[in-house]
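So the structure is just underneath, and the comments pick up after that.
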Amino acid sequence: MERAYAIWRAFQDRFLAHAAALLLLGCTLLALLEVARRYVLGHSFEWQQDAVTFFTLSGVFLYFSISQRHSAHLSVTVLPEVLEVLGPRARRAAEVVRLIALVFSFVFLLAVVWWGIPEVRESRHYESRTESLAFPMWPFLAALLAGFAFMVVTMFFQIYRGVQKLRGRSVLEEPPEADAALH
């Protein structure tokens, strides 16, 4: 399982991080172009507003799937942090609270992905379009669903690793943030 987690982590670092960064950079440039065209030239394309919105959402959810690995998203922090300062037993309780919250988030996102698959199919089948009617909706819905699915995979590994830690078994440690930024 640790090897599978290492492969997943490498996929996130080498592919997802770059894909999300490119999407967000492209959206920023498209948004700046839209602002310049609208306010400097006085002309705007209705479709460009949709493009900025939906491409940004696609990039953000891909980013969320990466940030989940670093426990920077969908995590419970206040109660575990309070418990951790109370001693060893409370630290263990804090880990249990984190694990319960992670399981709850995992089940919720798994349900979102499960129920989202028919939405993507229907959007494609009925040829649903964005508000400006310039773009089909299904690619954006699929990207959103992919971001959620990537978070589900990450949460699965986090739950497994959390259970292993509670059982006293060693798990693959995350690299420090400085090392992760170099990859």
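Chain labels follow the order of the structure tokens: the first chain is A, the next B, and so on; residue numbering restarts at 1 in every chain, and ligands are counted from 1 in their shown order.
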Skipping near chain neighbours, those fewer than 6 positions away, what residues fall within 12 Å of stretch 95-98 of chain A using only C-alpha atoms, listed as a PDB file with C-alpha atoms, in the first residue's frame?
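What follows is the written file around16.pdb:
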ATOM      1  CA  SER A  71      -3.921  18.297   4.860  1.00  0.00           C
ATOM      2  CA  LEU A  74     -11.172  19.484   4.197  1.00  0.00           C
ATOM      3  CA  SER A  75      -9.506  18.948   7.556  1.00  0.00           C
ATOM      4  CA  VAL A  76     -10.653  19.450  11.105  1.00  0.00           C
ATOM      5  CA  THR A  77      -8.064  21.464  13.008  1.00  0.00           C
ATOM      6  CA  VAL A  78      -9.398  23.359  16.038  1.00  0.00           C
ATOM      7  CA  LEU A  79     -10.427  20.439  18.265  1.00  0.00           C
ATOM      8  CA  PRO A  80      -7.371  18.261  17.466  1.00  0.00           C
ATOM      9  CA  GLU A  81      -4.997  21.187  18.082  1.00  0.00           C
ATOM     10  CA  VAL A  82      -6.612  21.867  21.453  1.00  0.00           C
ATOM     11  CA  LEU A  83      -6.415  18.179  22.364  1.00  0.00           C
ATOM     12  CA  GLU A  84      -2.761  17.871  21.334  1.00  0.00           C
ATOM     13  CA  PRO A  88      -0.324  11.921  25.126  1.00  0.00           C
ATOM     14  CA  ARG A  89      -3.837  10.509  25.580  1.00  0.00           C
ATOM     15  CA  PHE A 104     -16.766  11.529   6.892  1.00  0.00           C
ATOM     16  CA  SER A 105     -15.225  13.719   4.156  1.00  0.00           C
ATOM     17  CA  MET A 155      -8.298  10.560   1.338  1.00  0.00           C
ATOM     18  CA  GLN A 158      -4.779   9.196   4.303  1.00  0.00           C
ATOM     19  CA  ILE A 159      -7.354   7.024   6.064  1.00  0.00           C
ATOM     20  CA  ARG A 161      -2.144   5.705   6.847  1.00  0.00           C
ATOM     21  CA  GLY A 162      -4.066   7.175   9.806  1.00  0.00           C
ATOM     22  CA  VAL A 163      -5.324   3.739  10.823  1.00  0.00           C
ATOM     23  CA  GLN A 164      -1.811   2.318  10.498  1.00  0.00           C
ATOM     24  CA  LYS A 165      -0.409   5.110  12.707  1.00  0.00           C
ATOM     25  CA  LEU A 166      -3.074   4.465  15.350  1.00  0.00           C
ATOM     26  CA  ARG A 167      -2.114   0.784  15.276  1.00  0.00           C
TER      27      ARG A 167
END
Next on the checklist: When DSSP is applied to the backbone of this structure, which of stretch 41-179 of chain A are assigned alpha helix (DSSP H)? Write them out as a VMD selection string.
Outcome noted: chain A and resid 46 to 67 78 to 84 88 to 125 138 to 166 177 to 179
Checklist entry - Counting only C-alpha atoms, what is within 12 Å of A:Arg129, bar same-chain residues fewer than 3 positions away, as a VMD selection string? => result chain A and resid 47 50 to 51 54 120 122 to 126 132 to 141
Next on the checklist: To one decimal place in Å, what is the distance between atom CA of A:Gln68 and atom CA of A:Met151?
Outcome noted: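 Atom CA of A:Met151 lies at a distance of 6.4 Å from atom CA of A:Gln68.
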Item to check | One-decimal distance in Å that lies between atom CA of A:Leu29 and atom CA of A:Thr53 | outcome: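 So the two atoms, atom CA of A:Thr53 and atom CA of A:Leu29, lie 12.6 Å apart.
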Checklist entry - Could you name the residues that touch A:Phe157 at 12 Å or less, counting only C-alpha atoms, but leaving out those on the same chain fewer than 4 positions away, as number ranges by chain? => result A: 1-9, 68-69, 99, 102-103, 106, 150-153, 161-164, 171-172
Item to check | Distance query A:Ala21 at most 9 Å, only C-alpha atoms, self and fewer than 5 positions along chain excluded, as a PyMOL selection string | outcome: chain A and resi 16+26+59+63
Checklist entry - By how many Å are atom CA of A:Ser67 and atom CA of A:Trp114 apart? => result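 According to the coordinates, atom CA of A:Ser67 and atom CA of A:Trp114 are separated by 21.8 Å.
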